[in-house]
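Engineer: Following this line is structure.csv, made up of CSV, C-alpha atoms (C1' of nucleotides):
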chain,number,residue,atom,x,y,z
A,1,MET,CA,214.0,240.2,30.1
A,2,ASN,CA,212.5,240.9,33.5
A,3,LYS,CA,214.0,239.0,36.3
A,4,LEU,CA,211.8,236.9,38.4
A,5,LEU,CA,212.9,234.9,41.4
A,6,VAL,CA,211.0,231.8,42.3
A,7,VAL,CA,211.2,230.1,45.6
A,8,CYS,CA,209.4,226.8,45.6
A,9,GLY,CA,209.3,223.5,47.5
A,10,PRO,CA,207.2,221.5,49.9
A,11,THR,CA,205.4,223.0,52.9
A,12,ALA,CA,207.3,223.8,56.1
A,13,THR,CA,210.7,224.4,54.5
A,14,GLY,CA,210.8,228.1,55.3
A,15,LYS,CA,210.2,229.4,51.8
A,16,THR,CA,208.6,232.6,53.0
A,17,ALA,CA,211.2,233.4,55.6
A,18,LEU,CA,214.0,232.9,53.0
A,19,ALA,CA,212.1,235.0,50.4
A,20,ILE,CA,211.6,237.8,52.8
A,21,MET,CA,215.3,237.8,53.5
A,22,LEU,CA,216.2,237.9,49.8
A,23,ALA,CA,213.6,240.6,49.3
A,24,LYS,CA,215.4,242.8,51.8
A,25,GLN,CA,218.7,242.1,50.1
A,26,TRP,CA,217.6,242.7,46.5
A,27,ASN,CA,214.8,245.3,46.9
A,28,GLY,CA,212.1,242.8,46.3
A,29,GLU,CA,208.5,242.1,47.1
A,30,LEU,CA,206.9,238.7,47.5
A,31,VAL,CA,204.1,237.2,45.4
A,32,SER,CA,202.5,234.2,47.1
A,33,ALA,CA,201.8,231.2,44.9
A,34,ASP,CA,199.8,229.1,47.3
A,35,SER,CA,196.3,227.8,46.7
A,36,ARG,CA,195.4,227.9,50.4
A,37,GLN,CA,196.8,231.3,51.4
A,38,ILE,CA,194.8,233.1,48.8
A,39,TYR,CA,191.9,232.8,51.3
A,40,LYS,CA,191.2,235.7,53.7
A,41,GLY,CA,192.0,234.9,57.3
A,42,LEU,CA,192.9,231.3,58.2
A,43,ASP,CA,196.5,232.5,58.9
A,44,ALA,CA,197.3,229.8,61.4
A,45,LEU,CA,195.6,227.1,59.4
A,46,THR,CA,197.4,227.9,56.2
A,47,GLY,CA,200.6,229.0,57.8
A,48,LYS,CA,200.9,232.5,56.6
A,49,ASP,CA,204.1,234.2,57.6
A,50,ARG,CA,204.2,237.9,57.3
A,51,SER,CA,206.8,240.7,57.4
A,52,ASP,CA,206.4,244.2,58.6
A,53,ASP,CA,208.4,245.8,55.9
A,54,ILE,CA,208.1,243.5,52.9
A,55,PRO,CA,204.8,243.4,51.1
A,56,ILE,CA,203.4,240.0,50.3
A,57,TRP,CA,201.0,239.9,47.4
A,58,LEU,CA,198.2,237.4,46.9
A,59,TYR,CA,197.5,236.6,50.5
A,60,ASP,CA,193.9,237.1,51.4
A,61,VAL,CA,192.5,237.8,48.0
A,62,VAL,CA,189.2,235.9,48.3
A,63,GLU,CA,186.7,234.8,50.8
A,64,PRO,CA,186.9,231.1,51.7
A,65,GLY,CA,184.5,229.2,49.6
A,66,MET,CA,184.6,231.5,46.7
A,67,ALA,CA,185.6,230.0,43.4
A,68,PHE,CA,189.2,230.4,42.7
A,69,SER,CA,191.5,228.6,40.3
A,70,VAL,CA,194.8,228.7,38.5
A,71,ALA,CA,193.4,231.1,35.9
A,72,HIS,CA,192.5,233.6,38.6
A,73,PHE,CA,195.9,233.2,40.1
A,74,VAL,CA,197.7,233.8,36.9
A,75,ARG,CA,195.7,237.0,36.2
A,76,LEU,CA,196.3,238.3,39.7
A,77,ALA,CA,200.0,237.3,39.8
A,78,LYS,CA,200.7,238.9,36.4
A,79,SER,CA,199.3,242.2,37.4
A,80,SER,CA,201.1,242.0,40.8
A,81,ILE,CA,204.3,241.3,39.1
A,82,GLU,CA,203.8,244.2,36.6
A,83,ASN,CA,203.1,246.5,39.5
A,84,ILE,CA,206.3,245.5,41.1
A,85,TYR,CA,208.3,246.0,38.0
A,86,LYS,CA,206.9,249.4,37.5
A,87,ARG,CA,208.5,250.4,40.8
A,88,ASN,CA,211.7,248.8,39.8
A,89,LYS,CA,211.6,246.1,42.3
A,90,LEU,CA,212.3,242.4,42.1
A,91,PRO,CA,209.3,240.1,42.3
A,92,ILE,CA,209.9,237.0,44.3
A,93,LEU,CA,207.3,234.3,43.6
A,94,VAL,CA,207.1,232.1,46.6
A,95,GLY,CA,204.9,229.1,47.0
A,96,GLY,CA,204.3,225.4,47.0
A,97,THR,CA,201.5,225.1,44.5
A,98,GLY,CA,203.4,223.7,41.5
A,99,PHE,CA,200.6,224.1,39.1
A,100,TYR,CA,200.2,227.8,39.8
A,101,LEU,CA,203.9,228.3,39.3
A,102,GLN,CA,203.9,226.4,36.1
A,103,ALA,CA,200.9,228.2,34.7
A,104,LEU,CA,202.4,231.5,35.4
A,105,THR,CA,205.8,230.9,33.9
A,106,THR,CA,204.8,228.8,30.9
A,107,THR,CA,202.0,228.9,28.4
A,108,VAL,CA,198.9,227.0,29.3
A,109,ASP,CA,196.7,227.1,26.2
A,110,SER,CA,193.4,226.0,27.6
A,111,LEU,CA,193.5,228.4,30.5
A,112,MET,CA,191.4,230.9,28.7
A,113,VAL,CA,188.5,228.5,28.4
A,114,PRO,CA,186.2,229.5,31.2
A,115,PRO,CA,184.2,226.9,33.1
A,116,ASN,CA,180.7,226.1,31.9
A,117,PRO,CA,178.6,225.5,35.0
A,118,SER,CA,175.6,224.1,33.3
A,119,LEU,CA,177.6,221.7,31.3
A,120,ARG,CA,179.5,220.7,34.3
A,121,MET,CA,176.3,220.0,36.2
A,122,VAL,CA,175.1,217.7,33.5
A,123,LEU,CA,178.4,215.9,33.1
A,124,HIS,CA,178.8,215.6,36.8
A,125,ALA,CA,175.9,213.2,36.8
A,126,ALA,CA,177.3,211.1,34.0
A,127,SER,CA,179.1,207.9,34.5
A,128,LEU,CA,182.8,207.5,34.0
A,129,SER,CA,182.3,205.4,30.9
A,130,SER,CA,180.0,207.8,29.3
A,131,LEU,CA,182.4,210.7,29.9
A,132,GLN,CA,185.1,208.6,28.3
A,133,GLU,CA,183.0,207.9,25.3
A,134,GLU,CA,182.0,211.5,24.9
A,135,LEU,CA,185.6,212.7,25.0
A,136,GLN,CA,186.7,210.1,22.5
A,137,LEU,CA,184.0,211.2,20.2
A,138,ILE,CA,184.5,214.9,20.3
A,139,ASP,CA,188.3,215.1,20.8
A,140,SER,CA,190.0,211.8,20.2
A,141,LEU,CA,193.4,213.5,20.1
A,142,ARG,CA,193.0,214.9,23.6
A,143,TRP,CA,191.8,211.5,24.8
A,144,LYS,CA,194.8,209.8,23.4
A,145,ALA,CA,197.1,212.3,24.9
A,146,MET,CA,195.7,211.5,28.3
A,147,ASN,CA,197.4,208.8,30.3
A,148,GLU,CA,195.5,206.0,32.1
A,149,SER,CA,195.2,207.9,35.3
A,150,ASP,CA,193.6,210.9,33.7
A,151,GLN,CA,191.4,208.8,31.5
A,152,LYS,CA,189.8,207.5,34.7
A,153,ASN,CA,189.6,210.9,36.3
A,154,PRO,CA,186.0,212.3,36.0
A,155,ARG,CA,187.1,215.8,36.8
A,156,ARG,CA,189.8,215.8,34.1
A,157,LEU,CA,187.4,214.3,31.6
A,158,ILE,CA,184.8,216.9,32.3
A,159,ARG,CA,187.2,219.7,31.8
A,160,ALA,CA,188.6,218.2,28.6
A,161,ILE,CA,185.0,217.9,27.3
A,162,GLU,CA,184.4,221.5,28.3
A,163,VAL,CA,187.5,222.7,26.5
A,164,ALA,CA,186.7,220.6,23.4
A,165,ARG,CA,183.2,222.1,23.2
A,166,SER,CA,184.2,225.7,23.6
A,167,ALA,CA,185.2,227.9,20.8
A,168,LYS,CA,188.9,227.6,19.8
A,169,TYR,CA,191.1,230.2,21.3
A,170,VAL,CA,194.4,231.6,20.2
A,171,PRO,CA,196.4,231.5,23.4
A,172,PRO,CA,197.7,234.9,24.4
A,173,THR,CA,201.4,235.2,24.6
A,174,MET,CA,202.6,235.0,28.1
A,175,PRO,CA,205.1,237.3,29.5
A,176,GLN,CA,208.5,235.7,29.5
A,177,TYR,CA,210.5,236.0,32.5
A,178,ASP,CA,214.2,235.5,33.2
A,179,ALA,CA,213.3,233.2,36.1
A,180,LEU,CA,215.6,231.7,38.6
A,181,TRP,CA,214.1,228.7,40.4
A,182,ILE,CA,215.2,228.0,43.9
A,183,GLY,CA,213.9,224.8,45.6
A,184,LEU,CA,213.9,224.3,49.3
A,185,THR,CA,213.8,220.8,50.6
A,186,SER,CA,215.1,218.5,53.3
A,187,PRO,CA,215.1,214.8,54.1
A,188,LEU,CA,211.6,213.5,54.7
A,189,SER,CA,212.2,212.6,58.4
A,190,ILE,CA,213.3,216.2,59.1
A,191,LEU,CA,210.5,217.6,57.1
A,192,GLU,CA,208.1,215.5,59.2
A,193,GLN,CA,209.6,216.9,62.4
A,194,ARG,CA,209.2,220.5,61.1
A,195,ILE,CA,205.6,219.9,60.1
A,196,ARG,CA,204.8,218.3,63.4
A,197,LYS,CA,206.2,221.3,65.3
A,198,ARG,CA,204.5,223.9,63.1
A,199,VAL,CA,201.2,222.2,63.3
A,200,ARG,CA,201.4,222.0,67.1
A,201,GLU,CA,202.4,225.6,67.4
A,202,ARG,CA,199.5,226.8,65.4
A,203,PHE,CA,196.9,224.4,66.8
A,204,VAL,CA,195.2,226.8,69.3
A,205,LYS,CA,194.9,229.6,66.8
A,206,ALA,CA,193.8,227.4,64.0
A,207,VAL,CA,191.0,225.9,66.1
A,208,ARG,CA,189.6,229.4,66.5
A,209,GLU,CA,189.8,230.0,62.8
A,210,VAL,CA,187.8,226.9,61.6
A,211,ARG,CA,184.1,226.9,61.4
A,212,ASP,CA,181.5,224.7,59.7
A,213,GLY,CA,181.1,225.5,56.0
A,214,LEU,CA,184.7,226.2,55.3
A,215,PRO,CA,186.2,224.6,52.3
A,216,SER,CA,187.9,221.3,53.3
A,217,LEU,CA,191.4,222.6,53.5
A,218,LEU,CA,194.1,220.5,55.1
A,219,GLY,CA,193.4,220.3,58.8
A,220,VAL,CA,189.9,221.6,58.7
A,221,ALA,CA,188.2,218.3,59.3
A,222,PRO,CA,190.3,217.2,62.2
A,223,LEU,CA,190.2,220.6,63.8
A,224,LEU,CA,186.4,220.8,63.5
A,225,SER,CA,186.1,217.3,64.9
A,226,TYR,CA,188.2,218.4,67.9
A,227,SER,CA,186.2,221.6,68.5
A,228,HIS,CA,183.0,219.7,68.3
A,229,GLY,CA,184.3,217.4,71.0
A,230,ASN,CA,184.5,214.4,68.7
A,231,SER,CA,188.2,213.8,69.1
A,232,THR,CA,191.0,214.6,71.4
A,233,LYS,CA,193.7,217.2,70.7
A,234,GLU,CA,196.3,214.5,70.1
A,235,GLU,CA,194.1,212.8,67.6
A,236,ALA,CA,193.4,216.0,65.8
A,237,LEU,CA,197.0,216.9,65.7
A,238,ALA,CA,198.0,213.5,64.4
A,239,LYS,CA,195.5,213.8,61.5
A,240,TRP,CA,196.4,217.3,60.6
A,241,THR,CA,200.1,216.5,60.7
A,242,LEU,CA,199.5,213.5,58.5
A,243,SER,CA,197.6,215.3,55.9
A,244,GLU,CA,200.3,218.0,55.8
A,245,LEU,CA,203.0,215.4,55.4
A,246,GLN,CA,201.1,213.7,52.6
A,247,TYR,CA,200.7,217.0,50.9
A,248,ALA,CA,204.4,217.7,51.2
A,249,LYS,CA,205.1,214.3,49.5
A,250,ARG,CA,202.7,215.2,46.7
A,251,GLN,CA,204.4,218.5,46.2
A,252,MET,CA,207.7,216.8,45.9
A,253,THR,CA,206.3,214.4,43.3
A,254,TRP,CA,205.3,217.5,41.3
A,255,PHE,CA,208.6,219.3,41.7
A,256,ARG,CA,210.8,216.3,41.1
A,257,LYS,CA,210.1,216.3,37.4
A,258,GLN,CA,210.9,219.9,37.0
A,259,LYS,CA,214.5,220.0,36.0
A,260,ASN,CA,215.2,223.7,36.2
A,261,ILE,CA,215.1,223.9,40.0
A,262,ARG,CA,218.2,224.3,42.0
A,263,TRP,CA,217.6,222.5,45.2
A,264,PHE,CA,218.9,223.5,48.7
A,265,ASP,CA,218.7,221.3,51.7
A,266,VAL,CA,217.4,223.5,54.6
A,267,SER,CA,218.5,221.1,57.2
A,268,LYS,CA,222.1,221.6,56.2
A,269,GLU,CA,224.2,224.3,58.0
A,270,GLY,CA,224.9,227.3,55.8
A,271,TYR,CA,222.4,226.7,53.0
A,272,ILE,CA,221.4,230.4,53.2
A,273,GLY,CA,224.9,231.4,52.2
A,274,LEU,CA,224.7,229.1,49.2
A,275,VAL,CA,221.4,230.5,48.1
A,276,GLU,CA,222.7,234.1,48.5
A,277,ALA,CA,225.6,233.3,46.3
A,278,TYR,CA,223.5,231.6,43.7
A,279,VAL,CA,221.0,234.5,43.6
A,280,SER,CA,223.7,237.1,43.5
A,281,SER,CA,225.5,235.6,40.5
A,282,TRP,CA,222.2,235.5,38.6
A,283,TYR,CA,220.9,238.9,39.7
A,284,THR,CA,224.1,240.8,38.9
A,285,HIS,CA,224.2,239.5,35.3
B,286,G,C1',187.9,182.4,89.5
B,287,C,C1',183.1,182.1,86.7
B,288,U,C1',180.2,183.6,82.3
B,289,G,C1',180.1,185.7,77.4
B,290,A,C1',182.8,187.5,73.0
B,291,G,C1',187.1,187.0,70.4
B,292,G,C1',192.3,186.3,68.4
B,293,U,C1',193.0,187.4,60.2
B,294,G,C1',198.3,190.7,56.3
B,295,G,C1',201.6,197.7,59.4
B,296,C,C1',196.5,199.1,61.5
B,297,G,C1',191.0,198.7,61.3
B,298,G,C1',187.9,195.0,59.7
B,299,A,C1',185.3,191.1,56.1
B,300,G,C1',185.4,186.0,55.2
B,301,U,C1',182.9,180.8,58.8
B,302,G,C1',185.0,173.7,54.5
B,303,G,C1',187.0,174.4,48.1
B,304,A,C1',186.7,179.9,43.1
B,305,C,C1',191.6,182.8,49.4
B,306,A,C1',197.7,185.3,49.1
B,307,A,C1',192.6,186.2,51.5
B,308,U,C1',186.6,191.8,49.8
B,309,C,C1',187.0,196.6,51.7
B,310,G,C1',188.9,201.1,54.4
B,311,C,C1',193.4,203.4,56.4
B,312,A,C1',198.5,203.8,56.3
B,313,A,C1',202.8,203.0,53.0
B,314,C,C1',205.3,203.3,48.1
B,315,A,C1',205.4,205.0,43.1
B,316,G,C1',203.0,208.3,39.8
B,317,U,C1',199.5,211.5,36.9
B,318,C,C1',198.5,216.6,36.1
B,319,U,C1',197.0,222.6,30.7
B,320,G,C1',190.5,226.8,35.3
B,321,U,C1',188.2,222.8,41.7
B,322,A,C1',195.7,221.5,42.2
B,323,A,C1',194.2,222.4,49.6
B,324,A,C1',191.7,219.2,44.7
B,325,A,C1',190.8,214.9,41.6
B,326,C,C1',192.8,210.5,39.9
B,327,U,C1',196.0,205.9,38.6
B,328,G,C1',199.1,201.7,39.8
B,329,U,C1',201.6,198.6,43.5
B,330,C,C1',201.0,196.8,48.3
B,331,G,C1',203.3,188.4,52.1
B,332,C,C1',208.2,186.5,50.2
B,333,C,C1',211.2,184.8,45.9
B,334,C,C1',211.8,184.3,40.6
B,335,U,C1',209.5,186.4,35.8
B,336,A,C1',210.3,187.7,28.8
B,337,C,C1',204.5,191.0,33.9
B,338,C,C1',202.0,185.7,30.7
B,339,G,C1',202.7,183.4,34.8
B,340,G,C1',205.6,180.1,38.4
B,341,G,C1',207.3,178.6,43.3
B,342,C,C1',207.2,179.2,48.7
B,343,U,C1',205.3,180.6,53.5
B,344,A,C1',200.7,182.3,55.6
B,345,C,C1',194.8,183.8,59.0
B,346,C,C1',197.5,183.0,67.9
B,347,C,C1',200.2,177.9,69.1
B,348,A,C1',200.0,172.5,69.0
B,349,G,C1',197.5,168.4,67.5
B,350,G,C1',193.2,166.2,64.8
B,351,U,C1',188.9,165.4,61.1
B,352,U,C1',188.8,165.9,55.6
B,353,C,C1',190.5,164.6,48.9
B,354,G,C1',190.7,169.8,50.7
B,355,A,C1',190.6,174.2,56.7
B,356,A,C1',191.5,181.1,57.9
B,357,U,C1',186.8,178.4,58.1
B,358,C,C1',185.0,172.0,61.7
B,359,C,C1',187.0,169.3,66.5
B,360,U,C1',190.4,168.9,70.9
B,361,G,C1',194.0,171.0,74.1
B,362,G,C1',196.9,175.3,75.2
B,363,C,C1',198.2,180.5,75.4
B,364,C,C1',196.4,185.5,75.1
B,365,U,C1',192.7,189.7,74.9
B,366,C,C1',188.2,192.2,75.9
B,367,A,C1',183.1,192.8,78.3
B,368,G,C1',180.0,191.4,82.5
B,369,C,C1',179.9,188.9,87.2
B,370,A,C1',183.2,188.1,91.2
Would you write out, as structure tokens, the structure that this file holds?
Structural biologist:
Amino acid sequence: MNKLLVVCGPTATGKTALAIMLAKQWNGELVSADSRQIYKGLDALTGKDRSDDIPIWLYDVVEPGMAFSVAHFVRLAKSSIENIYKRNKLPILVGGTGFYLQALTTTVDSLMVPPNPSLRMVLHAASLSSLQEELQLIDSLRWKAMNESDQKNPRRLIRAIEVARSAKYVPPTMPQYDALWIGLTSPLSILEQRIRKRVRERFVKAVREVRDGLPSLLGVAPLLSYSHGNSTKEEALAKWTLSELQYAKRQMTWFRKQKNIRWFDVSKEGYIGLVEAYVSSWYTH
RNA sequence: GCUGAGGUGGCGGAGUGGACAAUCGCAACAGUCUGUAAAACUGUCGCCCUACCGGGCUACCCAGGUUCGAAUCCUGGCCUCAGCA
């Protein structure tokens, strides 16, 4: 089975830097699994780190505002990984978008059902209760499988109805990888400091990147408010920092339930050595 | 110092005699997740018990008072802000 190294974890833990280092050691190339960094430009806003000699796939694949979703990601990532294998290199999947990572490494059956824009438009105008009723009617199993939170989530209900109404698919078999999951984390207070520092460092560049009409990525609203003169730099920094921190917490909520991740605390001295040893024992087997 | 406005839960801000442990927003905490995942959504959110059905206690600047009953009315005090000085 083909080996695939996965480096995941919340934002601002140094995933990319670590992955680049590992790529140099093991003749690898990176594949980004980040739902923000797929957009062209916006380097400072989305925190893209780059390397002169290690390729990073799936940065800058689509214009901001264009439709992009997990399904696109999975297709692109699969072909990137194949490409890397063909050249006998090690793909290193690095990113904080847990859903992307999951979809790529496991089977997600409904992923092949494409969106139905006209249906969505109609359902979008429907009330929550009518969405609930419709789903119960056309796919009661799906409805029962949803928890209370999703049953009250219009977006999820609409997608479930969309899937239920589509023709049934036989899910294609996904490539199976021999994946090693490495998670990078640190205590929340330290993570907060790192986020604060990173955001401050990127502020000036990020202000130049944002413009009206951009998708509402983290930081866009406060940065625009600042550049329009509606808030001070400190206010904008505070808001951007806060949203990044909240995002990091959400990421951790996702990753916490995933039991195959080996976690490393990046605030501890010598964690890199531990990672290297861990990867080494996996890679050489 | 005078005049006006006001002091409500971590913050903002409703409430102006009973249905108020106090609408709502933010923050916080926990969580959901199968084509928007940066998103969307759920629950909790004074303290203490609880078989989660409830029960007890302390609360709306402070001190008194009126009232069967006050965050809401009255008196005094303290403090804040705006304008005048």
Engineer: List as JSON lines every residue of chain A that is in contact with chain B, defined as an atom at most 8 Å from one of its atoms (using only C-alpha atoms (C1' of nucleotides)), together with the nearest atom pair and the distance in Å rounded to one decimal, sorted by chain and then rising number.
Structural biologist:
{"residue": "A:Ser35", "atom": "CA", "partner": "B:A323", "partner_atom": "C1'", "distance": 6.5}
{"residue": "A:Arg36", "atom": "CA", "partner": "B:A323", "partner_atom": "C1'", "distance": 5.7}
{"residue": "A:Ala67", "atom": "CA", "partner": "B:U321", "partner_atom": "C1'", "distance": 7.8}
{"residue": "A:Phe68", "atom": "CA", "partner": "B:U321", "partner_atom": "C1'", "distance": 7.7}
{"residue": "A:Ser69", "atom": "CA", "partner": "B:G320", "partner_atom": "C1'", "distance": 5.4}
{"residue": "A:Val70", "atom": "CA", "partner": "B:G320", "partner_atom": "C1'", "distance": 5.7}
{"residue": "A:Ala71", "atom": "CA", "partner": "B:G320", "partner_atom": "C1'", "distance": 5.2}
{"residue": "A:His72", "atom": "CA", "partner": "B:G320", "partner_atom": "C1'", "distance": 7.8}
{"residue": "A:Thr97", "atom": "CA", "partner": "B:A322", "partner_atom": "C1'", "distance": 7.2}
{"residue": "A:Phe99", "atom": "CA", "partner": "B:A322", "partner_atom": "C1'", "distance": 6.4}
{"residue": "A:Ala103", "atom": "CA", "partner": "B:U319", "partner_atom": "C1'", "distance": 7.9}
{"residue": "A:Val108", "atom": "CA", "partner": "B:U319", "partner_atom": "C1'", "distance": 5.0}
{"residue": "A:Asp109", "atom": "CA", "partner": "B:U319", "partner_atom": "C1'", "distance": 6.4}
{"residue": "A:Ser110", "atom": "CA", "partner": "B:U319", "partner_atom": "C1'", "distance": 5.8}
{"residue": "A:Leu111", "atom": "CA", "partner": "B:G320", "partner_atom": "C1'", "distance": 5.9}
{"residue": "A:Met112", "atom": "CA", "partner": "B:G320", "partner_atom": "C1'", "distance": 7.8}
{"residue": "A:Val113", "atom": "CA", "partner": "B:G320", "partner_atom": "C1'", "distance": 7.4}
{"residue": "A:Pro114", "atom": "CA", "partner": "B:G320", "partner_atom": "C1'", "distance": 6.5}
{"residue": "A:Pro115", "atom": "CA", "partner": "B:G320", "partner_atom": "C1'", "distance": 6.7}
{"residue": "A:Asn147", "atom": "CA", "partner": "B:U317", "partner_atom": "C1'", "distance": 7.4}
{"residue": "A:Glu148", "atom": "CA", "partner": "B:U327", "partner_atom": "C1'", "distance": 6.5}
{"residue": "A:Ser149", "atom": "CA", "partner": "B:U327", "partner_atom": "C1'", "distance": 3.9}
{"residue": "A:Asp150", "atom": "CA", "partner": "B:C326", "partner_atom": "C1'", "distance": 6.3}
{"residue": "A:Lys152", "atom": "CA", "partner": "B:C326", "partner_atom": "C1'", "distance": 6.7}
{"residue": "A:Asn153", "atom": "CA", "partner": "B:C326", "partner_atom": "C1'", "distance": 4.8}
{"residue": "A:Pro154", "atom": "CA", "partner": "B:A325", "partner_atom": "C1'", "distance": 7.8}
{"residue": "A:Arg155", "atom": "CA", "partner": "B:A325", "partner_atom": "C1'", "distance": 6.1}
{"residue": "A:Arg156", "atom": "CA", "partner": "B:A325", "partner_atom": "C1'", "distance": 7.6}
{"residue": "A:Ser216", "atom": "CA", "partner": "B:A323", "partner_atom": "C1'", "distance": 7.4}
{"residue": "A:Leu217", "atom": "CA", "partner": "B:A323", "partner_atom": "C1'", "distance": 4.8}
{"residue": "A:Leu218", "atom": "CA", "partner": "B:A323", "partner_atom": "C1'", "distance": 5.8}
{"residue": "A:Thr253", "atom": "CA", "partner": "B:G316", "partner_atom": "C1'", "distance": 7.8}
Engineer: What is the distance, in Å and to one decimal place, between atom CA of A:Gly28 and atom CA of A:Leu90?
Structural biologist: 4.2 Å
Engineer: Write out as a list in words each polymer residue whose atoms come within 9 Å of stretch 190-204 of chain A, counting only C-alpha atoms (C1' of nucleotides); drop sequence neighbours fewer than 2 positions from it.
Structural biologist: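 After dropping sequence-adjacent residues, the list is Pro10, Thr11, Ala12, Thr13, Ala44, Leu45, Gly47, Thr185, Ser186, Pro187, Leu188, Ala206, Val207, Arg208, Leu223, Lys233, Leu237, Ala238, Trp240, Thr241, Leu242, Glu244, Leu245, Ala248 and Ser267 of chain A.
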Engineer: Show me the residues close to (181.1, 189.7, 93.1) - anything with an atom within 12 Å, counting all atoms listed in the file - and format the list as a PyMOL selection string.
Structural biologist: chain B and resi 286-287+368-370
Engineer: Could you turn the residues from that selection into a file that holds C-alpha atoms (C1' of nucleotides), as a PDB file, keeping the file's coordinate frame?
Structural biologist:
ATOM      1  C1'   G B 286     187.900 182.400  89.500  1.00  0.00           C
ATOM      2  C1'   C B 287     183.100 182.100  86.700  1.00  0.00           C
ATOM      3  C1'   G B 368     180.000 191.400  82.500  1.00  0.00           C
ATOM      4  C1'   C B 369     179.900 188.900  87.200  1.00  0.00           C
ATOM      5  C1'   A B 370     183.200 188.100  91.200  1.00  0.00           C
TER       6        A B 370
END
Engineer: Nearest residue to B:C366 out of B:G302, B:G295, B:G289, B:G340, using only C-alpha atoms (C1' of nucleotides)?
Structural biologist: B:G289
Engineer: Calculate how many Å separate atom CA of A:Thr284 from atom CA of A:Arg50, rounding to one decimal.
Structural biologist: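 Taking atom CA of A:Thr284 and atom CA of A:Arg50, their separation equals 27.3 Å.
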Engineer: Separation of atom C1' of B:C311 and atom CA of A:Ile158, in Å?
Structural biologist: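 Atom CA of A:Ile158 lies at a distance of 28.9 Å from atom C1' of B:C311.
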Engineer: Taking 3 positions as the minimum chain separation for residues in the same chain, which residues sit within 8 Å of stretch 29-33 of chain A when counting all atoms listed in the file? Answer as a list of chain:residue names.
Structural biologist: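 Counting all atoms listed in the file, the residues come to A:Ala19, A:Ile20, A:Ala23, A:Gln37, A:Ile38, A:Ile54, A:Pro55, A:Ile56, A:Trp57, A:Leu58, A:Tyr59, A:Phe73, A:Ala77, A:Ser80, A:Ile81, A:Ile84, A:Lys89, A:Leu90, A:Pro91, A:Ile92, A:Leu93, A:Val94, A:Gly95, A:Gly96, A:Thr97, A:Tyr100, A:Leu101.
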Engineer: Nearest to A:Val61: which of A:Glu209, A:Glu82, A:Asp49, A:Asp34 is it, counting only C-alpha atoms?
Structural biologist: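 Of A:Glu209, A:Glu82, A:Asp49, A:Asp34, the one nearest A:Val61 is A:Asp34, counting only C-alpha atoms.
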Engineer: Just want the 12 Å neighbourhood of B:A299, counted on all atoms listed in the file, with same-chain residues fewer than 5 positions away dropped. Output as a PDB file with C-alpha atoms (C1' of nucleotides), in the coordinates of the input.
Structural biologist:
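The resulting file, out-v1.pdb, is shown below:
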ATOM      1  C1'   U B 293     193.000 187.400  60.200  1.00  0.00           C
ATOM      2  C1'   A B 307     192.600 186.200  51.500  1.00  0.00           C
ATOM      3  C1'   U B 308     186.600 191.800  49.800  1.00  0.00           C
ATOM      4  C1'   C B 309     187.000 196.600  51.700  1.00  0.00           C
ATOM      5  C1'   G B 310     188.900 201.100  54.400  1.00  0.00           C
ATOM      6  C1'   A B 356     191.500 181.100  57.900  1.00  0.00           C
TER       7        A B 356
END
Engineer: When you look at B:C305 with a cut-off of 12 Å (counting only C-alpha atoms (C1' of nucleotides)), what residues show up, excluding the ones that are within fewer than 5 positions of it in the same chain? I need them as a list in words.
Structural biologist: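 Returned residues: U293, G300, A344, C345, A355, A356 and U357 of chain B.
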Engineer: Include C-alpha atoms (C1' of nucleotides) and write out the residues we just selected as an mmCIF file, in the frame of the given file.
Structural biologist:
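Wrote selection39.cif, looks like this:
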data_model
loop_
_atom_site.group_PDB
_atom_site.id
_atom_site.type_symbol
_atom_site.label_atom_id
_atom_site.label_comp_id
_atom_site.auth_asym_id
_atom_site.auth_seq_id
_atom_site.Cartn_x
_atom_site.Cartn_y
_atom_site.Cartn_z
ATOM 1 C "C1'" U B 293 193.000 187.400 60.200
ATOM 2 C "C1'" G B 300 185.400 186.000 55.200
ATOM 3 C "C1'" A B 344 200.700 182.300 55.600
ATOM 4 C "C1'" C B 345 194.800 183.800 59.000
ATOM 5 C "C1'" A B 355 190.600 174.200 56.700
ATOM 6 C "C1'" A B 356 191.500 181.100 57.900
ATOM 7 C "C1'" U B 357 186.800 178.400 58.100
#
Engineer: Find the residues near A:Phe264: any atom within 10 Å, counting all atoms listed in the file, skip ones fewer than 6 places away on the same chain, and give them as a tab-separated table (two decimals) with C-alpha atoms, in the frame of the given file.
Structural biologist:
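Once everything was written out, this is part_10.tsv:
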chain	number	residue	atom	x	y	z
A	9	GLY	CA	209.30	223.50	47.50
A	182	ILE	CA	215.20	228.00	43.90
A	183	GLY	CA	213.90	224.80	45.60
A	184	LEU	CA	213.90	224.30	49.30
A	185	THR	CA	213.80	220.80	50.60
A	186	SER	CA	215.10	218.50	53.30
A	271	TYR	CA	222.40	226.70	53.00
A	272	ILE	CA	221.40	230.40	53.20
A	274	LEU	CA	224.70	229.10	49.20
A	275	VAL	CA	221.40	230.50	48.10
Engineer: Using all atoms listed in the file, find the one residue out of A:Ser129, A:Gln102, A:Thr107, A:Ser118 that sits nearest to A:Lys257.
Structural biologist: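 Selected residue with least distance to A:Lys257: A:Gln102.
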Engineer: Would you please work out which residue, of A:Leu18, A:Leu104, A:Leu135, A:Leu224, is nearest to A:Lys78 when using all atoms listed in the file?
Structural biologist: A:Leu104
Engineer: Using all atoms listed in the file, which of the listed residues (B:G298, B:G303, B:G292, B:G339) sits closest to B:G354?
Structural biologist: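 The answer is B:G303, which sits nearest to B:G354.
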